[in-house]
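Engineer: Pasting target_32.cif here (mmCIF, C-alpha atoms):
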```
data_query
loop_
_atom_site.label_atom_id
_atom_site.label_comp_id
_atom_site.auth_asym_id
_atom_site.auth_seq_id
_atom_site.Cartn_x
_atom_site.Cartn_y
_atom_site.Cartn_z
CA MET A 1 144.46 -73.82 -288.28
CA SER A 2 143.64 -74.67 -291.88
CA ALA A 3 141.31 -77.42 -293.02
CA ALA A 4 142.78 -80.65 -294.37
CA ILE A 5 139.38 -81.63 -295.76
CA GLU A 6 136.53 -79.41 -296.80
CA THR A 7 133.54 -80.72 -298.73
CA ARG A 8 130.46 -78.84 -299.93
CA GLU A 9 127.26 -80.64 -300.77
CA LEU A 10 129.24 -83.59 -302.03
CA SER A 11 126.90 -86.20 -303.53
CA LYS A 12 127.32 -89.54 -305.21
CA ARG A 13 124.56 -91.44 -306.96
CA TYR A 14 124.82 -94.88 -308.51
CA ARG A 15 121.92 -95.05 -310.98
CA ARG A 16 118.95 -94.28 -308.74
CA VAL A 17 120.63 -95.02 -305.41
CA SER A 18 122.09 -92.14 -303.43
CA ALA A 19 125.32 -93.32 -301.78
CA LEU A 20 126.04 -89.88 -300.34
CA THR A 21 123.82 -86.81 -300.29
CA ASP A 22 124.83 -83.16 -299.79
CA CYS A 23 127.80 -83.99 -297.58
CA THR A 24 129.31 -80.82 -296.13
CA VAL A 25 132.12 -81.47 -293.66
CA THR A 26 135.35 -79.86 -292.49
CA VAL A 27 138.27 -81.65 -290.84
CA PRO A 28 140.98 -79.31 -289.50
CA GLU A 29 144.63 -80.25 -290.02
CA GLY A 30 146.22 -82.47 -287.37
CA ARG A 31 142.99 -84.08 -286.20
CA VAL A 32 141.88 -87.71 -286.11
CA SER A 33 138.33 -87.87 -287.32
CA ALA A 34 136.08 -90.81 -286.54
CA LEU A 35 133.88 -91.66 -289.51
CA VAL A 36 130.88 -93.48 -288.06
CA GLY A 37 127.58 -94.76 -289.34
CA PRO A 38 125.57 -97.87 -290.16
CA ASN A 39 126.77 -100.08 -292.99
CA GLY A 40 125.69 -98.55 -296.28
CA ALA A 41 125.55 -95.02 -294.86
CA GLY A 42 128.16 -93.78 -297.33
CA LYS A 43 131.42 -94.00 -295.35
CA THR A 44 133.41 -95.88 -298.00
CA THR A 45 131.94 -93.70 -300.74
CA LEU A 46 133.09 -90.55 -298.92
CA LEU A 47 136.61 -91.96 -298.30
CA ARG A 48 136.95 -93.05 -301.94
CA MET A 49 135.93 -89.63 -303.18
CA LEU A 50 138.38 -87.92 -300.81
CA ALA A 51 141.13 -90.23 -302.10
CA GLY A 52 140.29 -89.41 -305.73
CA LEU A 53 139.17 -93.00 -306.42
CA ALA A 54 135.59 -92.01 -307.21
CA SER A 55 134.26 -88.79 -308.67
CA PRO A 56 131.28 -86.96 -307.19
CA THR A 57 127.98 -86.68 -309.03
CA SER A 58 127.72 -83.14 -307.69
CA GLY A 59 129.30 -80.91 -305.09
CA THR A 60 132.96 -80.19 -304.38
CA ALA A 61 135.76 -81.50 -302.21
CA SER A 62 138.99 -79.81 -301.26
CA VAL A 63 141.63 -82.14 -299.84
CA LEU A 64 144.94 -80.64 -298.65
CA GLY A 65 144.03 -77.56 -300.66
CA GLY A 66 143.42 -79.40 -303.96
CA MET A 67 140.70 -81.29 -305.77
CA PRO A 68 140.97 -85.08 -305.31
CA ARG A 69 142.19 -86.62 -308.57
CA GLN A 70 144.24 -89.48 -309.95
CA ASP A 71 147.41 -87.48 -310.23
CA PRO A 72 150.80 -88.36 -308.72
CA ALA A 73 151.31 -84.97 -307.07
CA PHE A 74 147.96 -85.25 -305.25
CA LEU A 75 148.25 -88.95 -304.41
CA ALA A 76 151.78 -88.56 -303.02
CA GLU A 77 150.33 -86.83 -299.96
CA ILE A 78 147.39 -89.19 -299.39
CA GLY A 79 147.56 -92.58 -297.71
CA TYR A 80 144.46 -94.67 -298.37
CA LEU A 81 143.94 -98.05 -296.79
CA ALA A 82 140.96 -99.96 -298.14
CA GLN A 83 138.92 -102.28 -295.96
CA GLU A 84 140.21 -105.47 -297.56
CA ILE A 85 143.90 -104.58 -296.86
CA PRO A 86 145.23 -104.74 -300.40
CA LEU A 87 148.57 -106.58 -300.35
CA TYR A 88 150.07 -109.12 -302.77
CA ARG A 89 149.78 -112.25 -300.68
CA ARG A 90 152.55 -114.12 -302.51
CA PHE A 91 155.00 -111.26 -302.01
CA THR A 92 157.02 -110.57 -298.87
CA ALA A 93 156.97 -107.29 -296.92
CA GLU A 94 160.43 -106.57 -298.36
CA ASP A 95 159.03 -107.04 -301.92
CA HIS A 96 156.30 -104.53 -301.10
CA ILE A 97 158.86 -102.07 -299.77
CA ARG A 98 160.81 -102.27 -303.05
CA ILE A 99 157.67 -101.93 -305.18
CA GLY A 100 156.66 -98.90 -303.13
CA ALA A 101 160.04 -97.30 -303.73
CA HIS A 102 159.44 -97.51 -307.50
CA LEU A 103 155.96 -96.04 -307.30
CA ASN A 104 156.35 -93.24 -304.78
CA PRO A 105 158.52 -90.15 -304.98
CA HIS A 106 159.02 -89.67 -301.21
CA TRP A 107 159.45 -93.22 -299.99
CA ASP A 108 160.94 -93.89 -296.58
CA ALA A 109 161.88 -97.57 -296.82
CA SER A 110 163.91 -97.49 -293.59
CA LEU A 111 160.82 -96.25 -291.71
CA VAL A 112 158.86 -99.38 -292.74
CA ARG A 113 161.73 -101.73 -291.95
CA THR A 114 162.28 -100.17 -288.52
CA ARG A 115 158.58 -100.29 -287.66
CA LEU A 116 158.14 -103.90 -288.77
CA LYS A 117 161.30 -104.98 -286.94
CA GLU A 118 160.00 -103.28 -283.77
CA LEU A 119 156.81 -105.31 -284.18
CA ARG A 120 158.87 -108.47 -284.89
CA ILE A 121 157.16 -108.99 -288.24
CA PRO A 122 159.40 -110.93 -290.64
CA LEU A 123 160.29 -109.00 -293.80
CA ASP A 124 161.17 -112.11 -295.81
CA GLN A 125 157.98 -114.10 -295.39
CA ARG A 126 155.08 -114.07 -297.86
CA VAL A 127 152.46 -111.72 -296.43
CA GLY A 128 149.80 -114.35 -297.16
CA THR A 129 151.30 -116.45 -294.37
CA LEU A 130 151.21 -113.63 -291.78
CA SER A 131 148.38 -113.18 -289.28
CA GLY A 132 145.61 -110.69 -289.99
CA GLY A 133 147.04 -108.30 -287.41
CA GLN A 134 150.53 -108.52 -288.92
CA ARG A 135 149.17 -107.95 -292.43
CA ALA A 136 147.30 -104.86 -291.23
CA GLN A 137 150.51 -103.57 -289.63
CA VAL A 138 152.46 -104.18 -292.86
CA ALA A 139 149.81 -102.31 -294.85
CA LEU A 140 149.79 -99.39 -292.39
CA ALA A 141 153.59 -99.19 -292.29
CA LEU A 142 153.69 -99.16 -296.11
CA THR A 143 151.04 -96.44 -296.20
CA LEU A 144 153.05 -94.37 -293.69
CA ALA A 145 156.25 -94.82 -295.74
CA LYS A 146 154.82 -92.34 -298.24
CA ARG A 147 154.97 -89.78 -295.42
CA PRO A 148 151.38 -88.75 -296.22
CA ARG A 149 149.76 -85.62 -294.82
CA LEU A 150 146.36 -87.30 -294.87
CA LEU A 151 145.53 -90.89 -293.97
CA LEU A 152 142.18 -92.33 -294.99
CA LEU A 153 141.55 -95.63 -293.20
CA ASP A 154 138.45 -97.65 -294.05
CA GLU A 155 137.64 -99.97 -291.12
CA PRO A 156 141.23 -101.10 -290.79
CA VAL A 157 140.75 -102.82 -287.42
CA ALA A 158 137.38 -104.48 -288.00
CA ALA A 159 138.81 -107.98 -288.48
CA LEU A 160 141.53 -107.79 -285.82
CA ASP A 161 141.64 -109.26 -282.32
CA PRO A 162 141.86 -106.78 -279.40
CA LEU A 163 145.65 -106.98 -279.03
CA ALA A 164 146.28 -106.59 -282.77
CA ARG A 165 143.87 -103.65 -282.75
CA ARG A 166 145.66 -101.97 -279.88
CA ASN A 167 149.02 -102.43 -281.64
CA PHE A 168 147.63 -101.06 -284.88
CA LEU A 169 146.26 -97.98 -283.11
CA ALA A 170 149.56 -97.49 -281.24
CA THR A 171 151.39 -97.44 -284.59
CA LEU A 172 148.88 -94.89 -285.82
CA THR A 173 149.14 -92.61 -282.78
CA SER A 174 152.95 -92.86 -282.81
CA ALA A 175 152.97 -91.75 -286.44
CA MET A 176 150.79 -88.81 -285.43
CA ALA A 177 153.15 -87.86 -282.61
CA ASP A 178 156.11 -88.04 -285.04
CA ALA A 179 154.28 -85.80 -287.52
CA GLU A 180 153.73 -83.16 -284.80
CA GLY A 181 150.36 -81.94 -285.95
CA THR A 182 150.91 -82.15 -289.71
CA LEU A 183 149.19 -85.52 -290.21
CA THR A 184 145.41 -85.66 -290.47
CA VAL A 185 143.55 -88.96 -290.20
CA VAL A 186 140.04 -90.09 -291.06
CA LEU A 187 139.30 -93.48 -289.52
CA SER A 188 136.06 -95.34 -290.11
CA SER A 189 135.09 -97.95 -287.54
CA HIS A 190 132.19 -99.37 -285.56
CA LEU A 191 134.27 -99.75 -282.40
CA ILE A 192 133.39 -96.74 -280.31
CA THR A 193 135.82 -97.51 -277.47
CA ASP A 194 138.72 -97.45 -279.95
CA LEU A 195 137.47 -94.25 -281.51
CA GLU A 196 137.12 -92.64 -278.08
CA ARG A 197 140.81 -93.19 -277.36
CA VAL A 198 142.17 -92.11 -280.67
CA CYS A 199 139.80 -89.62 -282.27
CA ASP A 200 139.13 -85.97 -281.44
CA HIS A 201 136.75 -85.24 -284.30
CA LEU A 202 133.58 -86.93 -285.49
CA ILE A 203 131.72 -87.30 -288.77
CA LEU A 204 128.50 -89.27 -288.40
CA LEU A 205 126.67 -90.49 -291.48
CA ALA A 206 123.27 -92.15 -291.56
CA GLY A 207 121.00 -92.69 -294.54
CA SER A 208 123.66 -91.21 -296.87
CA ARG A 209 123.59 -87.87 -295.03
CA VAL A 210 125.82 -86.15 -292.49
CA GLN A 211 124.05 -86.12 -289.11
CA ILE A 212 126.76 -84.37 -287.10
CA CYS A 213 130.32 -83.22 -287.71
CA GLY A 214 132.74 -81.49 -285.38
CA ASP A 215 135.11 -81.57 -282.43
CA ILE A 216 134.12 -84.45 -280.12
CA ASP A 217 134.56 -82.53 -276.84
CA MET A 218 132.42 -79.69 -278.19
CA LEU A 219 129.74 -82.05 -279.48
CA LEU A 220 129.58 -83.81 -276.09
CA ALA A 221 129.28 -80.45 -274.30
CA GLU A 222 126.44 -79.41 -276.62
CA HIS A 223 124.34 -82.47 -275.81
CA LYS A 224 122.64 -83.67 -272.63
CA VAL A 225 120.36 -86.47 -271.61
CA LEU A 226 117.28 -85.07 -269.85
CA ILE A 227 115.53 -87.47 -267.53
CA GLY A 228 112.20 -86.55 -266.05
CA PRO A 229 108.58 -87.54 -265.53
CA ARG A 230 106.48 -88.23 -268.59
CA LYS A 231 104.74 -85.02 -269.58
CA ASP A 232 104.21 -82.71 -272.52
CA THR A 233 107.64 -82.39 -274.15
CA GLY A 234 106.57 -79.31 -276.13
CA PRO A 235 108.51 -76.79 -273.99
CA VAL A 236 111.68 -78.93 -274.18
CA GLU A 237 111.31 -79.29 -277.94
CA ARG A 238 110.95 -75.52 -278.32
CA ALA A 239 114.07 -74.79 -276.23
CA HIS A 240 116.28 -77.62 -277.51
CA THR A 241 116.52 -80.09 -280.38
CA VAL A 242 115.38 -83.55 -279.34
CA VAL A 243 117.63 -86.07 -281.09
CA HIS A 244 116.30 -89.21 -279.50
CA ALA A 245 113.48 -89.88 -277.06
CA VAL A 246 112.58 -92.92 -275.00
CA THR A 247 109.23 -92.66 -273.27
CA THR A 248 107.71 -95.10 -270.85
CA ALA A 249 104.39 -94.79 -269.06
CA ARG A 250 106.01 -92.60 -266.40
CA GLN A 251 109.37 -91.39 -267.58
CA SER A 252 110.87 -89.48 -270.50
CA THR A 253 114.53 -89.81 -271.41
CA LEU A 254 115.47 -87.26 -274.02
CA LEU A 255 118.83 -86.84 -275.69
CA VAL A 256 118.88 -83.21 -276.76
CA ARG A 257 121.17 -80.79 -278.50
CA LEU A 258 121.08 -77.83 -276.14
CA GLY A 259 119.56 -74.58 -277.35
CA GLY A 260 120.38 -72.89 -274.02
CA PRO A 261 120.48 -73.74 -270.33
CA VAL A 262 118.09 -76.40 -269.01
CA THR A 263 115.59 -74.42 -266.96
CA ASP A 264 112.86 -76.96 -266.18
CA PRO A 265 113.65 -78.34 -262.69
CA ALA A 266 111.59 -81.46 -263.42
CA TYR A 267 114.42 -82.69 -265.65
CA GLN A 268 117.70 -84.05 -264.45
CA ALA A 269 120.42 -83.22 -267.02
CA GLU A 270 123.14 -85.84 -267.47
CA ASP A 271 126.29 -85.74 -269.59
CA VAL A 272 126.30 -87.92 -272.69
CA SER A 273 128.98 -90.40 -273.69
CA LEU A 274 130.25 -90.65 -277.23
CA GLU A 275 128.52 -93.99 -277.61
CA GLU A 276 125.14 -92.59 -276.52
CA LEU A 277 125.56 -89.67 -278.87
CA VAL A 278 126.45 -91.90 -281.81
CA LEU A 279 123.60 -94.32 -281.12
CA ALA A 280 121.09 -91.49 -280.80
CA TYR A 281 122.03 -90.00 -284.15
CA MET A 282 122.34 -93.36 -285.88
CA GLY A 283 118.67 -93.93 -285.44
CA ALA A 284 115.86 -93.96 -282.98
CA ASP A 285 115.52 -97.68 -283.55
CA GLU A 286 117.77 -99.25 -280.90
CA ALA A 287 117.49 -102.75 -282.31
CA ASN A 288 118.67 -101.53 -285.67
CA ALA A 289 121.57 -99.60 -284.17
CA ASP A 290 122.65 -102.64 -282.15
CA LYS A 291 123.11 -104.61 -285.32
CA HIS A 292 125.65 -102.14 -286.65
CA LEU A 293 127.41 -101.07 -283.50
CA MET A 294 129.31 -103.77 -281.72
CA ALA A 295 128.61 -103.67 -278.03
CA VAL A 296 131.30 -101.93 -276.02
CA GLY A 297 131.72 -104.90 -273.76
CA GLU A 298 132.17 -107.39 -276.54
CA ASP A 299 135.94 -107.64 -276.35
CA SER A 300 138.99 -106.81 -274.21
CA MET M 1 159.34 -92.29 -264.79
CA ILE M 2 155.72 -93.33 -264.50
CA SER M 3 153.43 -95.09 -266.95
CA PHE M 4 149.81 -94.24 -267.60
CA ARG M 5 146.67 -96.32 -267.87
CA VAL M 6 143.78 -95.13 -269.97
CA ASP M 7 140.48 -96.89 -269.37
CA GLY M 8 138.11 -96.39 -272.26
CA ARG M 9 135.07 -97.27 -270.19
CA SER M 10 135.63 -95.25 -267.02
CA GLY M 11 133.52 -92.32 -268.24
CA VAL M 12 136.39 -89.97 -267.33
CA PRO M 13 137.85 -88.33 -270.46
CA PRO M 14 141.28 -89.79 -271.34
CA TYR M 15 143.11 -86.45 -270.90
CA LEU M 16 141.66 -86.11 -267.39
CA GLN M 17 142.74 -89.66 -266.52
CA ILE M 18 146.33 -88.68 -267.35
CA VAL M 19 146.06 -85.45 -265.31
CA GLN M 20 144.65 -87.38 -262.33
CA GLN M 21 147.36 -90.05 -262.52
CA VAL M 22 150.11 -87.42 -262.49
CA ARG M 23 148.52 -85.63 -259.51
CA GLN M 24 148.11 -88.95 -257.70
CA ALA M 25 151.75 -89.93 -258.38
CA LEU M 26 152.83 -86.55 -256.97
CA ARG M 27 150.68 -86.95 -253.86
CA MET M 28 151.96 -90.47 -253.26
CA GLY M 29 155.56 -89.41 -253.82
CA VAL M 30 156.02 -91.68 -256.87
CA LEU M 31 156.95 -88.51 -258.76
CA ASP M 32 159.05 -85.74 -257.26
CA VAL M 33 160.22 -82.27 -258.20
CA GLY M 34 162.65 -82.46 -261.13
CA ASP M 35 161.38 -85.81 -262.42
CA GLN M 36 160.57 -86.10 -266.10
CA LEU M 37 157.16 -87.15 -267.41
CA PRO M 38 157.09 -89.63 -270.31
CA THR M 39 157.26 -87.93 -273.71
CA VAL M 40 154.12 -87.68 -275.82
CA ARG M 41 155.64 -90.23 -278.21
CA GLU M 42 156.23 -92.68 -275.36
CA VAL M 43 152.71 -92.29 -273.98
CA VAL M 44 150.92 -92.78 -277.30
CA ALA M 45 153.08 -95.77 -278.21
CA ALA M 46 152.21 -97.39 -274.87
CA VAL M 47 148.50 -96.64 -274.52
CA ALA M 48 147.36 -95.74 -278.07
CA VAL M 49 145.66 -92.44 -277.37
CA ASN M 50 145.58 -89.37 -279.56
CA PRO M 51 148.78 -87.28 -279.08
CA ASN M 52 146.58 -84.20 -278.70
CA THR M 53 145.07 -85.86 -275.60
CA VAL M 54 148.49 -86.13 -273.93
CA LEU M 55 149.39 -82.58 -274.95
CA LYS M 56 146.12 -81.33 -273.48
CA ALA M 57 146.79 -83.15 -270.19
CA TYR M 58 150.32 -81.77 -269.96
CA ARG M 59 149.09 -78.24 -270.75
CA ASP M 60 146.51 -78.54 -267.96
CA LEU M 61 149.22 -79.63 -265.50
CA GLU M 62 151.40 -76.76 -266.68
CA ARG M 63 148.59 -74.26 -266.11
CA GLU M 64 148.25 -75.63 -262.58
CA GLY M 65 151.96 -74.95 -262.15
CA LEU M 66 152.75 -78.59 -261.36
CA VAL M 67 154.96 -79.25 -264.39
CA GLU M 68 156.97 -77.23 -266.87
CA ALA M 69 157.87 -77.90 -270.48
CA ARG M 70 161.56 -77.37 -271.21
CA ALA M 71 162.22 -76.71 -274.89
CA GLY M 72 163.78 -79.71 -276.60
CA GLN M 73 164.02 -81.71 -273.37
CA GLY M 74 160.54 -82.67 -272.25
CA THR M 75 158.13 -82.04 -269.42
CA PHE M 76 159.38 -81.94 -265.82
CA VAL M 77 157.76 -81.77 -262.39
CA ARG M 78 157.96 -78.27 -260.92
CA LYS M 79 156.18 -78.71 -257.62
CA ARG M 80 153.88 -80.99 -255.68
CA PRO M 81 150.16 -80.21 -255.62
CA PRO M 82 148.89 -78.41 -252.55
CA GLY M 83 147.27 -81.12 -250.47
CA PRO M 84 146.05 -81.82 -246.98
CA PRO M 85 148.69 -82.62 -244.33
CA PRO M 86 149.48 -86.28 -243.59
CA GLY M 87 146.86 -88.04 -241.52
CA THR M 88 143.98 -86.22 -243.14
CA HIS M 89 143.01 -89.21 -245.28
CA SER M 90 142.90 -91.59 -242.32
CA ARG M 91 140.96 -89.11 -240.16
CA LEU M 92 138.34 -88.59 -242.90
CA GLY M 93 138.31 -92.32 -243.54
CA ARG M 94 137.37 -92.95 -239.90
CA SER M 95 134.48 -90.47 -239.97
CA LEU M 96 133.29 -91.94 -243.27
CA ALA M 97 133.36 -95.41 -241.72
CA ARG M 98 131.08 -94.09 -238.93
CA TRP M 99 128.73 -92.69 -241.55
CA VAL M 100 128.69 -96.01 -243.45
CA ARG M 101 127.75 -97.83 -240.20
CA ASP M 102 124.91 -95.33 -239.63
CA ALA M 103 123.70 -95.77 -243.20
CA ARG M 104 123.80 -99.56 -242.95
CA ASP M 105 121.87 -99.43 -239.66
CA ALA M 106 119.30 -97.27 -241.45
CA GLY M 107 118.90 -100.05 -244.07
CA LEU M 108 120.90 -98.63 -247.00
CA ASP M 109 122.78 -101.12 -249.16
CA ASP M 110 126.13 -100.42 -250.89
CA GLU M 111 124.51 -99.32 -254.10
CA SER M 112 122.27 -96.75 -252.39
CA MET M 113 125.27 -95.41 -250.47
CA GLU M 114 127.35 -95.11 -253.62
CA SER M 115 124.61 -93.27 -255.46
CA LEU M 116 124.04 -90.99 -252.46
CA LEU M 117 127.74 -90.15 -252.38
CA ARG M 118 127.78 -89.49 -256.12
CA ILE M 119 124.73 -87.22 -255.92
CA THR M 120 126.18 -85.33 -252.94
CA LEU M 121 129.54 -84.87 -254.68
CA ARG M 122 127.83 -83.63 -257.81
CA ALA M 123 125.52 -81.25 -255.92
CA ASP M 124 128.50 -79.93 -253.94
CA SER M 125 130.70 -79.36 -256.99
CA GLY M 126 127.68 -77.73 -258.69
CA SER M 127 127.26 -75.22 -255.89
CA GLU M 128 130.99 -74.51 -255.94
CA GLN M 129 130.84 -73.65 -259.61
CA ILE M 130 127.97 -71.24 -259.03
CA ALA M 131 129.63 -69.57 -256.05
#
```
How would this structure read if it were set down as structure tokens?
Structural biologist:
Amino acid sequence: MSAAIETRELSKRYRRVSALTDCTVTVPEGRVSALVGPNGAGKTTLLRMLAGLASPTSGTASVLGGMPRQDPAFLAEIGYLAQEIPLYRRFTAEDHIRIGAHLNPHWDASLVRTRLKELRIPLDQRVGTLSGGQRAQVALALTLAKRPRLLLLDEPVAALDPLARRNFLATLTSAMADAEGTLTVVLSSHLITDLERVCDHLILLAGSRVQICGDIDMLLAEHKVLIGPRKDTGPVERAHTVVHAVTTARQSTLLVRLGGPVTDPAYQAEDVSLEELVLAYMGADEANADKHLMAVGEDS
Amino acid sequence: MISFRVDGRSGVPPYLQIVQQVRQALRMGVLDVGDQLPTVREVVAAVAVNPNTVLKAYRDLEREGLVEARAGQGTFVRKRPPGPPPGTHSRLGRSLARWVRDARDAGLDDESMESLLRITLRADSGSEQIA
């Protein structure tokens, strides 16, 4: 399977601040990649560069086989939905559908109308008067009307209530099923439970750098939590890579990337969840990670 | 037709939840030979999971020989899973109830019993994998 996205040492600096540093990632075609990381880690910068909205300071990106650029042929295949849901609030959904038809070569207006009717969203009402969830659905339906091969979604569900979020994700997964493996998605979010349902690939950024990137099932299989008595962790550190360690007076809890089988019988090896994995890589400082990652139990 | 539930917090991977719910429906007789499973499109629209997750679950069930994909039509039940004869569940339930009484007499609370069962299940499945 070919790669929809391939970047090599992609970097972006604004004056002296590094927004993204040496980002090398690959997203195979047909996958839904979760783009995760603390605020300011470079998620939006990466998405904007992939969409051709910002140019890299150094490094290269190949998106659907081409270099991201402001060019109609490239943009026709990319759907980009910015965090603030850019719609003209005084215009109706129907107005947006007509504007889209003028601006896009492959525009499926009937697809948007059908989707919005299914969701019982009025086409003739100013979008400014719709709920946040309805506006997000309008924006997603419009983005899908381009029939893109790549969707870049920057925290599209952050401001939505649980039901609106579920509906938004159902529209997204339905579009994926319709595309039968030809639509690739990158979705940035802090909501791990949503990402767990929908995503099968992970890109984790922290401190402007890629911490891990790959197939979620494979990443989970490569990591374990080792629980054992407090003792010299030297042998464990030589055999595996310790990502995150919590040590009390008696016990060590180590999240490791396996370098081989766990041989020390003093350690009990437990499977990791996606949330544990993400938290471990986002930073050793739990308090800091909590600020950025909404607790799983917060809603629904 | 059956519908699926996917619980994001159960710790069981979503594809496995779908596999288990199909097997359970077959055991309970909710699904029978010849019945159609919901299409991938129907499942993802209802529970908002990745289509690849549903495909993976259906492929697993196909490998087990429980379902078959018919080109252009969908996925259909081929046979019921091999299972214990009727009455097995109630017989095992009675012996487990005896064990629970023993454990309670010995001073174990529910939580200790649950963790003991989990550990035993895990140890047992571990030894099966090695054998």
Engineer: Show me which bits of chain M are within 6 Å of chain A, counting only C-alpha atoms, as a PyMOL selection string.
Structural biologist: chain M and resi 8+41+44-45+48-51
Engineer: Please expand the PyMOL selection byres ((chain A and resi 209) around 12) into the concrete residues it hits in this file, giving the result as a PyMOL selection string.
Structural biologist: chain A and resi 9-12+18-25+36-38+40-43+45-46+203-208+210-213+281-282
Engineer: Using all atoms listed in the file, which of the listed residues (M:Leu66, M:Val6, M:Ala46, M:Met1) sits closest to Arg27 of chain M?
Structural biologist: M:Leu66
Engineer: Near segment 254-269 of chain A, counting only C-alpha atoms, which residues have an atom at most 8 Å away, once you skip same-chain residues fewer than 4 positions from it, shown as a list in words?
Structural biologist: Glu222, His223, Lys224, Val225, Leu226, Ile227, Gly228, Pro229, Ala239, His240, Thr241, Val242, Val243, His244, Ala245, Val246, Leu277 and Ala280 of chain A
Engineer: Which polymer residues, protein or nucleic acid, are no farther than 8 Å from (150.3, -91.7, -265.4), counting only C-alpha atoms, as a PyMOL selection string?
Structural biologist: chain M and resi 2-5+17-22+25
Engineer: Next, dump the selected residues to file, keeping only C-alpha atoms, as a PDB file, keeping the file's coordinate frame.
Structural biologist:
```pdb
ATOM      1  CA  ILE M   2     155.720 -93.330-264.500  1.00  0.00           C
ATOM      2  CA  SER M   3     153.430 -95.090-266.950  1.00  0.00           C
ATOM      3  CA  PHE M   4     149.810 -94.240-267.600  1.00  0.00           C
ATOM      4  CA  ARG M   5     146.670 -96.320-267.870  1.00  0.00           C
ATOM      5  CA  GLN M  17     142.740 -89.660-266.520  1.00  0.00           C
ATOM      6  CA  ILE M  18     146.330 -88.680-267.350  1.00  0.00           C
ATOM      7  CA  VAL M  19     146.060 -85.450-265.310  1.00  0.00           C
ATOM      8  CA  GLN M  20     144.650 -87.380-262.330  1.00  0.00           C
ATOM      9  CA  GLN M  21     147.360 -90.050-262.520  1.00  0.00           C
ATOM     10  CA  VAL M  22     150.110 -87.420-262.490  1.00  0.00           C
ATOM     11  CA  ALA M  25     151.750 -89.930-258.380  1.00  0.00           C
TER      12      ALA M  25
END
```
Engineer: Using all atoms listed in the file for the distances, tell me which of A:Arg149, A:Arg98, A:Arg90, A:Arg113 is nearest to Leu75 of chain A.
Structural biologist: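 Counting all atoms listed in the file, the residue closest to Leu75 of chain A is A:Arg149.
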Engineer: Once the PyMOL selection byres ((chain A and resi 47-49) around 9) has been applied to the shown file, what residues remain in the selection, as a list in words?
Structural biologist: Lys12, Gly42, Lys43, Thr44, Thr45, Leu46, Leu50, Ala51, Gly52, Leu53, Ala54, Ser55, Pro56, Ala61, Pro68, Arg69, Tyr80, Ala82, Leu152, Leu153, Asp154, Val186 and Ser188 of chain A
Engineer: For atom CA of Leu111 of chain A and atom CA of Ala145 of chain A, quote the distance in Å rounded to one decimal.
Structural biologist: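 Atom-to-atom, atom CA of Leu111 of chain A to atom CA of Ala145 of chain A, that is 6.3 Å.
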Engineer: For Asp32 of chain M, which residue among M:Gly65, M:Pro13, M:Pro81, M:Gly72 is the nearest when counting all atoms listed in the file?
Structural biologist: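 The closest residue to Asp32 of chain M is M:Pro81.
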Engineer: Between atom CA of Val77 of chain M and atom CA of Leu31 of chain M, what is the distance, to one decimal in Å?
Structural biologist: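 Interatomic distance, atom CA of Val77 of chain M to atom CA of Leu31 of chain M: 7.7 Å.
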Engineer: Could you list the residues chosen by the PyMOL selection byres ((chain A and resi 129) around 12) in this structure as a PyMOL selection string?
Structural biologist: chain A and resi 87-93+121-128+130-135
Engineer: So what do you get for atom CA of Val185 of chain A versus atom CA of Gln70 of chain A, distance-wise?
Structural biologist: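 Distance between the two atoms: 19.8 Å.
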Engineer: Since fewer atoms than expected are present, regenerate N, CA and C atoms for segment 106-114 of chain M and write them as a tab-separated table (two decimals), in the coordinates of the input.
Structural biologist:
```tsv
chain	number	residue	atom	x	y	z
M	106	ALA	N	120.56	-97.85	-240.95
M	106	ALA	CA	119.30	-97.27	-241.45
M	106	ALA	C	118.73	-98.09	-242.60
M	107	GLY	N	119.45	-99.16	-243.04
M	107	GLY	CA	118.90	-100.05	-244.07
M	107	GLY	C	119.38	-99.77	-245.48
M	108	LEU	N	120.40	-98.90	-245.65
M	108	LEU	CA	120.90	-98.63	-247.00
M	108	LEU	C	121.88	-99.73	-247.42
M	109	ASP	N	121.78	-100.17	-248.67
M	109	ASP	CA	122.78	-101.12	-249.16
M	109	ASP	C	123.90	-100.34	-249.85
M	110	ASP	N	124.95	-101.07	-250.30
M	110	ASP	CA	126.13	-100.42	-250.89
M	110	ASP	C	125.76	-99.53	-252.06
M	111	GLU	N	124.86	-100.07	-252.90
M	111	GLU	CA	124.51	-99.32	-254.10
M	111	GLU	C	123.84	-98.00	-253.76
M	112	SER	N	122.94	-98.00	-252.77
M	112	SER	CA	122.27	-96.75	-252.39
M	112	SER	C	123.29	-95.76	-251.82
M	113	MET	N	124.26	-96.30	-251.05
M	113	MET	CA	125.27	-95.41	-250.47
M	113	MET	C	126.13	-94.79	-251.56
M	114	GLU	N	126.53	-95.63	-252.52
M	114	GLU	CA	127.35	-95.11	-253.62
M	114	GLU	C	126.62	-94.03	-254.40
```
